[in-house]
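Undergrad: PDB, C-alpha atoms, saved as target_6.pdb, coming up:
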```pdb
ATOM      1  CA  MET A   1     215.521  51.911 239.635
ATOM      2  CA  THR A   2     216.520  50.415 236.306
ATOM      3  CA  ALA A   3     214.962  47.283 234.897
ATOM      4  CA  TYR A   4     217.480  44.629 233.880
ATOM      5  CA  ARG A   5     216.759  42.972 230.578
ATOM      6  CA  GLU A   6     218.070  39.465 229.983
ATOM      7  CA  PRO A   7     219.856  38.759 226.687
ATOM      8  CA  VAL A   8     217.507  37.394 224.018
ATOM      9  CA  TRP A   9     217.595  36.030 220.504
ATOM     10  CA  SER A  10     215.073  36.854 217.819
ATOM     11  CA  VAL A  11     214.705  33.593 215.891
ATOM     12  CA  PRO A  12     212.877  33.063 212.576
ATOM     13  CA  LEU A  13     210.456  30.176 213.194
ATOM     14  CA  ALA A  14     207.300  29.125 211.345
ATOM     15  CA  GLY A  15     207.199  32.282 209.225
ATOM     16  CA  ARG A  16     207.548  34.742 212.107
ATOM     17  CA  ARG A  17     210.138  36.043 214.549
ATOM     18  CA  VAL A  18     210.111  34.562 218.034
ATOM     19  CA  GLU A  19     212.032  36.089 220.930
ATOM     20  CA  ILE A  20     213.671  33.536 223.218
ATOM     21  CA  PRO A  21     216.036  33.921 226.188
ATOM     22  CA  SER A  22     219.726  33.494 225.390
ATOM     23  CA  SER A  23     221.296  33.458 228.854
ATOM     24  CA  LEU A  24     221.363  30.742 231.486
ATOM     25  CA  ARG A  25     219.368  32.933 233.874
ATOM     26  CA  GLY A  26     216.847  33.827 231.173
ATOM     27  CA  VAL A  27     216.229  30.221 230.156
ATOM     28  CA  ARG A  28     215.958  29.112 233.773
ATOM     29  CA  ALA A  29     213.405  31.859 234.521
ATOM     30  CA  ALA A  30     211.263  30.757 231.558
ATOM     31  CA  LEU A  31     211.015  27.128 232.734
ATOM     32  CA  GLU A  32     208.790  25.473 235.310
ATOM     33  CA  GLU A  33     210.731  24.564 238.477
ATOM     34  CA  ALA A  34     211.133  20.830 237.665
ATOM     35  CA  ARG A  35     212.384  21.569 234.146
ATOM     36  CA  ALA A  36     214.604  24.371 235.474
ATOM     37  CA  ALA A  37     216.366  21.860 237.735
ATOM     38  CA  GLU A  38     216.916  19.534 234.733
ATOM     39  CA  PHE A  39     218.272  22.461 232.725
ATOM     40  CA  ASP A  40     220.638  23.456 235.553
ATOM     41  CA  ALA A  41     221.962  19.884 235.832
ATOM     42  CA  GLU A  42     222.644  19.694 232.091
ATOM     43  CA  ALA A  43     224.091  23.193 231.732
ATOM     44  CA  VAL A  44     226.694  22.876 234.503
ATOM     45  CA  ARG A  45     228.119  19.703 232.925
ATOM     46  CA  THR A  46     228.094  20.930 229.312
ATOM     47  CA  PRO A  47     231.485  22.012 227.909
ATOM     48  CA  GLY A  48     231.671  25.721 227.134
ATOM     49  CA  ALA A  49     231.873  25.142 223.373
ATOM     50  CA  SER A  50     228.479  23.368 223.470
ATOM     51  CA  LEU A  51     226.619  25.629 225.902
ATOM     52  CA  VAL A  52     225.126  27.686 223.081
ATOM     53  CA  TYR A  53     223.308  24.538 221.852
ATOM     54  CA  THR A  54     222.127  23.593 225.344
ATOM     55  CA  VAL A  55     220.658  27.073 225.766
ATOM     56  CA  LEU A  56     219.078  26.848 222.311
ATOM     57  CA  ASP A  57     217.463  23.468 223.001
ATOM     58  CA  TRP A  58     215.964  24.611 226.292
ATOM     59  CA  ALA A  59     214.945  28.084 225.064
ATOM     60  CA  LEU A  60     213.138  27.025 221.897
ATOM     61  CA  PRO A  61     209.361  26.942 222.333
ATOM     62  CA  ARG A  62     207.970  23.419 222.638
ATOM     63  CA  TRP A  63     205.931  23.893 219.455
ATOM     64  CA  ALA A  64     208.987  24.808 217.318
ATOM     65  CA  ALA A  65     210.076  21.269 216.377
ATOM     66  CA  ALA A  66     206.553  20.351 215.225
ATOM     67  CA  GLU A  67     205.745  23.599 213.390
ATOM     68  CA  ASP A  68     209.146  24.292 211.813
ATOM     69  CA  PRO A  69     211.307  21.147 211.953
ATOM     70  CA  ALA A  70     213.635  22.389 209.173
ATOM     71  CA  ALA A  71     214.490  25.589 211.057
ATOM     72  CA  VAL A  72     215.057  23.724 214.328
ATOM     73  CA  ALA A  73     217.299  21.169 212.582
ATOM     74  CA  ARG A  74     219.263  23.981 210.923
ATOM     75  CA  LEU A  75     219.770  25.769 214.255
ATOM     76  CA  ARG A  76     220.814  22.573 216.018
ATOM     77  CA  ALA A  77     223.322  21.968 213.195
ATOM     78  CA  GLY A  78     224.960  25.325 213.956
ATOM     79  CA  ASP A  79     223.399  27.425 211.174
ATOM     80  CA  PHE A  80     222.050  30.499 212.976
ATOM     81  CA  THR A  81     221.247  32.413 209.790
ATOM     82  CA  GLY A  82     218.625  35.045 210.600
ATOM     83  CA  VAL A  83     219.065  34.839 214.382
ATOM     84  CA  LEU A  84     219.546  38.287 215.918
ATOM     85  CA  ASP A  85     220.539  39.378 219.406
ATOM     86  CA  GLY A  86     218.573  41.927 221.431
ATOM     87  CA  GLU A  87     220.381  44.762 219.626
ATOM     88  CA  GLY A  88     219.499  43.390 216.185
ATOM     89  CA  ARG A  89     223.004  42.051 215.457
ATOM     90  CA  PRO A  90     223.450  38.638 213.793
ATOM     91  CA  VAL A  91     224.248  35.771 216.170
ATOM     92  CA  ALA A  92     226.596  32.950 215.231
ATOM     93  CA  PRO A  93     227.997  30.155 217.396
ATOM     94  CA  SER A  94     231.793  30.045 217.528
ATOM     95  CA  HIS A  95     231.929  26.228 217.523
ATOM     96  CA  PRO A  96     230.047  23.520 215.659
ATOM     97  CA  PRO A  97     227.518  21.373 217.533
ATOM     98  CA  ARG A  98     228.309  17.900 218.793
ATOM     99  CA  ASP A  99     229.313  15.463 216.096
ATOM    100  CA  PRO A 100     226.048  14.295 214.458
ATOM    101  CA  VAL A 101     227.438  10.811 213.741
ATOM    102  CA  THR A 102     229.094   9.962 217.048
ATOM    103  CA  GLY A 103     227.188  12.386 219.274
ATOM    104  CA  GLU A 104     230.521  13.379 220.827
ATOM    105  CA  ARG A 105     230.762  16.708 222.579
ATOM    106  CA  PRO A 106     233.839  18.821 223.067
ATOM    107  CA  SER A 107     236.011  17.932 226.047
ATOM    108  CA  ALA A 108     235.158  18.961 229.613
ATOM    109  CA  THR A 109     238.618  20.551 229.800
ATOM    110  CA  TYR A 110     240.545  23.008 227.679
ATOM    111  CA  LYS A 111     244.219  22.450 226.933
ATOM    112  CA  THR A 112     246.727  24.984 225.731
ATOM    113  CA  GLY A 113     250.460  24.982 225.245
ATOM    114  CA  PHE A 114     251.187  28.645 224.539
ATOM    115  CA  PRO A 115     253.382  30.303 225.616
ATOM    116  CA  VAL A 116     254.383  28.931 229.043
ATOM    117  CA  GLY A 117     253.985  25.185 228.703
ATOM    118  CA  SER A 118     250.919  23.011 228.664
ATOM    119  CA  VAL A 119     247.908  24.010 230.760
ATOM    120  CA  THR A 120     244.744  21.951 231.233
ATOM    121  CA  PHE A 121     241.807  23.725 232.841
ATOM    122  CA  PRO A 122     238.065  23.168 233.248
ATOM    123  CA  ALA A 123     235.667  23.886 230.394
ATOM    124  CA  THR A 124     232.406  23.325 232.290
ATOM    125  CA  ILE A 125     230.598  25.498 234.807
ATOM    126  CA  GLU A 126     230.793  22.639 237.294
ATOM    127  CA  GLY A 127     234.563  22.292 236.803
ATOM    128  CA  ILE A 128     235.170  26.032 237.070
ATOM    129  CA  ARG A 129     233.104  26.242 240.259
ATOM    130  CA  ALA A 130     235.268  23.509 241.780
ATOM    131  CA  GLU A 131     238.431  25.551 241.101
ATOM    132  CA  LEU A 132     237.281  28.994 242.234
ATOM    133  CA  ARG A 133     237.101  30.312 245.800
ATOM    134  CA  GLY A 134     235.734  33.301 247.659
ATOM    135  CA  GLU A 135     235.036  36.496 245.759
ATOM    136  CA  ARG A 136     236.192  35.052 242.420
ATOM    137  CA  LEU A 137     233.582  32.304 242.743
ATOM    138  CA  ALA A 138     230.914  34.885 243.618
ATOM    139  CA  GLU A 139     231.938  37.029 240.609
ATOM    140  CA  PHE A 140     231.823  33.969 238.353
ATOM    141  CA  GLU A 141     228.338  33.047 239.580
ATOM    142  CA  ARG A 142     227.079  36.584 238.888
ATOM    143  CA  ASP A 143     228.706  36.741 235.455
ATOM    144  CA  ILE A 144     228.067  33.309 233.941
ATOM    145  CA  VAL A 145     224.270  33.385 234.281
ATOM    146  CA  SER A 146     223.893  36.616 232.301
ATOM    147  CA  VAL A 147     226.324  36.012 229.420
ATOM    148  CA  PRO A 148     224.609  35.657 226.027
ATOM    149  CA  ALA A 149     224.877  31.993 225.003
ATOM    150  CA  GLN A 150     226.957  32.710 221.902
ATOM    151  CA  GLU A 151     229.630  34.140 224.251
ATOM    152  CA  LEU A 152     229.576  31.374 226.881
ATOM    153  CA  VAL A 153     232.547  29.560 225.345
ATOM    154  CA  TYR A 154     234.651  32.696 225.881
ATOM    155  CA  ALA A 155     233.319  33.167 229.401
ATOM    156  CA  THR A 156     234.299  29.605 230.329
ATOM    157  CA  LEU A 157     237.749  30.161 228.831
ATOM    158  CA  ARG A 158     238.153  33.436 230.731
ATOM    159  CA  TRP A 159     236.986  32.026 234.072
ATOM    160  CA  GLY A 160     238.533  28.573 233.771
ATOM    161  CA  TYR A 161     242.056  29.622 232.816
ATOM    162  CA  PRO A 162     244.227  29.722 235.955
ATOM    163  CA  PRO A 163     244.989  33.377 236.813
ATOM    164  CA  GLU A 164     248.512  32.514 238.006
ATOM    165  CA  ARG A 165     249.292  31.027 234.556
ATOM    166  CA  LEU A 166     247.854  34.088 232.867
ATOM    167  CA  ALA A 167     250.145  36.259 235.020
ATOM    168  CA  GLU A 168     253.154  34.106 233.956
ATOM    169  CA  GLU A 169     252.216  34.486 230.297
ATOM    170  CA  ASP A 170     251.675  38.233 230.638
ATOM    171  CA  ALA A 171     255.124  38.552 232.285
ATOM    172  CA  LEU A 172     256.737  36.557 229.458
ATOM    173  CA  ILE A 173     255.035  38.670 226.810
ATOM    174  CA  ASP A 174     256.066  41.887 228.605
ATOM    175  CA  ARG A 175     259.678  40.638 228.795
ATOM    176  CA  LEU A 176     259.721  39.738 225.091
ATOM    177  CA  LYS A 177     258.262  43.124 224.154
ATOM    178  CA  ALA A 178     260.880  44.897 226.265
ATOM    179  CA  GLU A 179     263.662  42.896 224.610
ATOM    180  CA  LEU A 180     262.245  43.627 221.174
ATOM    181  CA  PHE A 181     262.032  47.362 221.826
ATOM    182  CA  ALA A 182     265.536  47.358 223.362
ATOM    183  CA  GLY A 183     266.920  45.792 220.188
ATOM    184  CA  VAL A 184     267.925  42.477 221.745
ATOM    185  CA  PRO A 185     268.334  40.091 218.806
ATOM    186  CA  ARG A 186     266.111  37.019 218.892
ATOM    187  CA  ARG A 187     267.182  33.770 217.315
ATOM    188  CA  ASP A 188     264.522  31.921 215.331
ATOM    189  CA  GLU A 189     264.111  28.572 217.119
ATOM    190  CA  SER A 190     263.451  26.828 213.781
ATOM    191  CA  ASP A 191     266.741  28.120 212.303
ATOM    192  CA  PRO A 192     269.713  25.852 213.013
ATOM    193  CA  GLY A 193     271.932  28.965 213.037
ATOM    194  CA  ASP A 194     275.697  28.600 213.253
ATOM    195  CA  ASP A 195     275.510  25.249 215.017
ATOM    196  CA  ALA A 196     275.783  23.337 211.715
TER     197      ALA A 196
END
```
Re-express the file's structure as structure tokens.
TA:
Amino acid sequence: MTAYREPVWSVPLAGRRVEIPSSLRGVRAALEEARAAEFDAEAVRTPGASLVYTVLDWALPRWAAAEDPAAVARLRAGDFTGVLDGEGRPVAPSHPPRDPVTGERPSATYKTGFPVGSVTFPATIEGIRAELRGERLAEFERDIVSVPAQELVYATLRWGYPPERLAEEDALIDRLKAELFAGVPRRDESDPGDDA
């Protein structure tokens, strides 16, 4: 039997290193039941780009803000200098925190236009759950709780993006590659060509 170890961060706080959980499951396990329910309610509605900050806020020890307010403010502002993952690698969020002036968070949906038209898809755990069914939903539930927080934005992108659209895009890319390798000339869409 192997022991599963939750992802953690080693955070410099108050002149020492403090290990805190960095996954949804790890944070939830560290909280009392009432606080765990509050955490769950917030996490499922938080857009993927902001989940790293939700995990941070709930994982930090309660004493951190009083004993090292500068470090906590720096972390909440997106500066993770000195934060290491469980393997000793530096951790950095991929997106800035919510706007400090307006308090605005990223959108609850992602939107893309490449390469097969515009696609809007959910960016929250709650939204992704509403779209998934059967085994894919079960796989998502198993995966999302163990992802290190700094990778949650990518996990929500991966799980939220409609698989049928991904298949369309993969087919388009395969077709373009085949044409390229076959020597089929491509016209640059920005070049007016001989139409002038």
Undergrad: Convert the output of the PyMOL selection byres ((chain A and resi 9) around 7) on the shown file into explicit residues, formatted as a list in words.
TA: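 Applying the expression gives Val8, Ser10, Val11, Glu19, Ile20, Pro21, Ser22, Val83, Leu84, Asp85 and Gly86 of chain A.
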Undergrad: Rounded to one decimal, what separation in Å do you get between CA of Ala155 (chain A) and CA of Ala37 (chain A)?
TA: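 If I compute the distance from CA of Ala155 (chain A) to CA of Ala37 (chain A), I get 22.0 Å.
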Undergrad: Find, counting only C-alpha atoms, the residue in A:Leu13, A:Ala123, A:Ala34, A:Ala167 that gets nearest to Pro69 (chain A).
TA: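 Smallest distance to Pro69 (chain A) is found for A:Leu13.
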Undergrad: Would you compute the box with edges along x, y and z of the file around region 161-167 of chain A, including every atom the file lists for it and 5 Å extra on each side, and give its centre and edge lengths in Å to one decimal, as AutoDock Vina command-line options?
TA:
```
--center_x 246.1 --center_y 32.9 --center_z 235.4 --size_x 18.1 --size_y 16.6 --size_z 15.2
```
Undergrad: Would you write out, as a PyMOL selection string, every residue that the PyMOL selection byres ((chain A and resi 144) around 12) captures in this file?
TA: chain A and resi 22-26+43-44+48+51+124-126+128-129+136-143+145-149+151-160
Undergrad: To one decimal place, how far is CA of Arg17 (chain A) from CA of Glu67 (chain A) in Å?
TA: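 For CA of Arg17 (chain A) relative to CA of Glu67 (chain A), the distance reads 13.2 Å.
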Undergrad: So what do you get for CA of Gly82 (chain A) versus CA of Arg98 (chain A), distance-wise?
TA: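 Those two atoms sit 21.3 Å apart.
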Undergrad: Which residue gives the smallest distance to Val119 (chain A) among A:Asp170, A:Glu38, A:Asp57, A:Glu164, with only C-alpha atoms counted?
TA: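 Closest candidate: A:Glu164.
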Undergrad: Between A:Leu180, A:Leu60, A:Gln150, A:Pro163, which residue has the minimum interatomic distance to Phe121 (chain A), considering all atoms listed in the file?
TA: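 Between A:Leu180, A:Leu60, A:Gln150, A:Pro163, the residue approaching Phe121 (chain A) most closely is A:Pro163.
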Undergrad: Excluding region 28-31 of chain A and any residue of its chain fewer than 5 positions from it, enumerate the residues within 8 Å of it, using all atoms listed in the file, and give them as a list in words.
TA: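 Here the answer would be Pro21, Ala36, Phe39, Asp40 and Ala59 of chain A.
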Undergrad: Set the distance at 9 Å and use all atoms listed in the file: which residues neighbour Pro96 (chain A) once local chain neighbours fewer than 2 positions away are removed? I'd like the list as a PyMOL selection string.
TA: chain A and resi 49-50+77-79+93-94+98-99
Undergrad: Let's have the selection written as a PDB file, keeping the file's coordinate frame, with C-alpha atoms.
TA:
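Final output, part.pdb:
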```
ATOM      1  CA  ALA A  49     231.873  25.142 223.373  1.00  0.00           C
ATOM      2  CA  SER A  50     228.479  23.368 223.470  1.00  0.00           C
ATOM      3  CA  ALA A  77     223.322  21.968 213.195  1.00  0.00           C
ATOM      4  CA  GLY A  78     224.960  25.325 213.956  1.00  0.00           C
ATOM      5  CA  ASP A  79     223.399  27.425 211.174  1.00  0.00           C
ATOM      6  CA  PRO A  93     227.997  30.155 217.396  1.00  0.00           C
ATOM      7  CA  SER A  94     231.793  30.045 217.528  1.00  0.00           C
ATOM      8  CA  ARG A  98     228.309  17.900 218.793  1.00  0.00           C
ATOM      9  CA  ASP A  99     229.313  15.463 216.096  1.00  0.00           C
TER      10      ASP A  99
END
```
Undergrad: Return the single residue from A:Arg165, A:Arg89, A:Arg16, A:Arg35 that is closest to Ala64 (chain A), with distances computed using only C-alpha atoms.
TA: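 Between A:Arg165, A:Arg89, A:Arg16, A:Arg35, the residue approaching Ala64 (chain A) most closely is A:Arg16.
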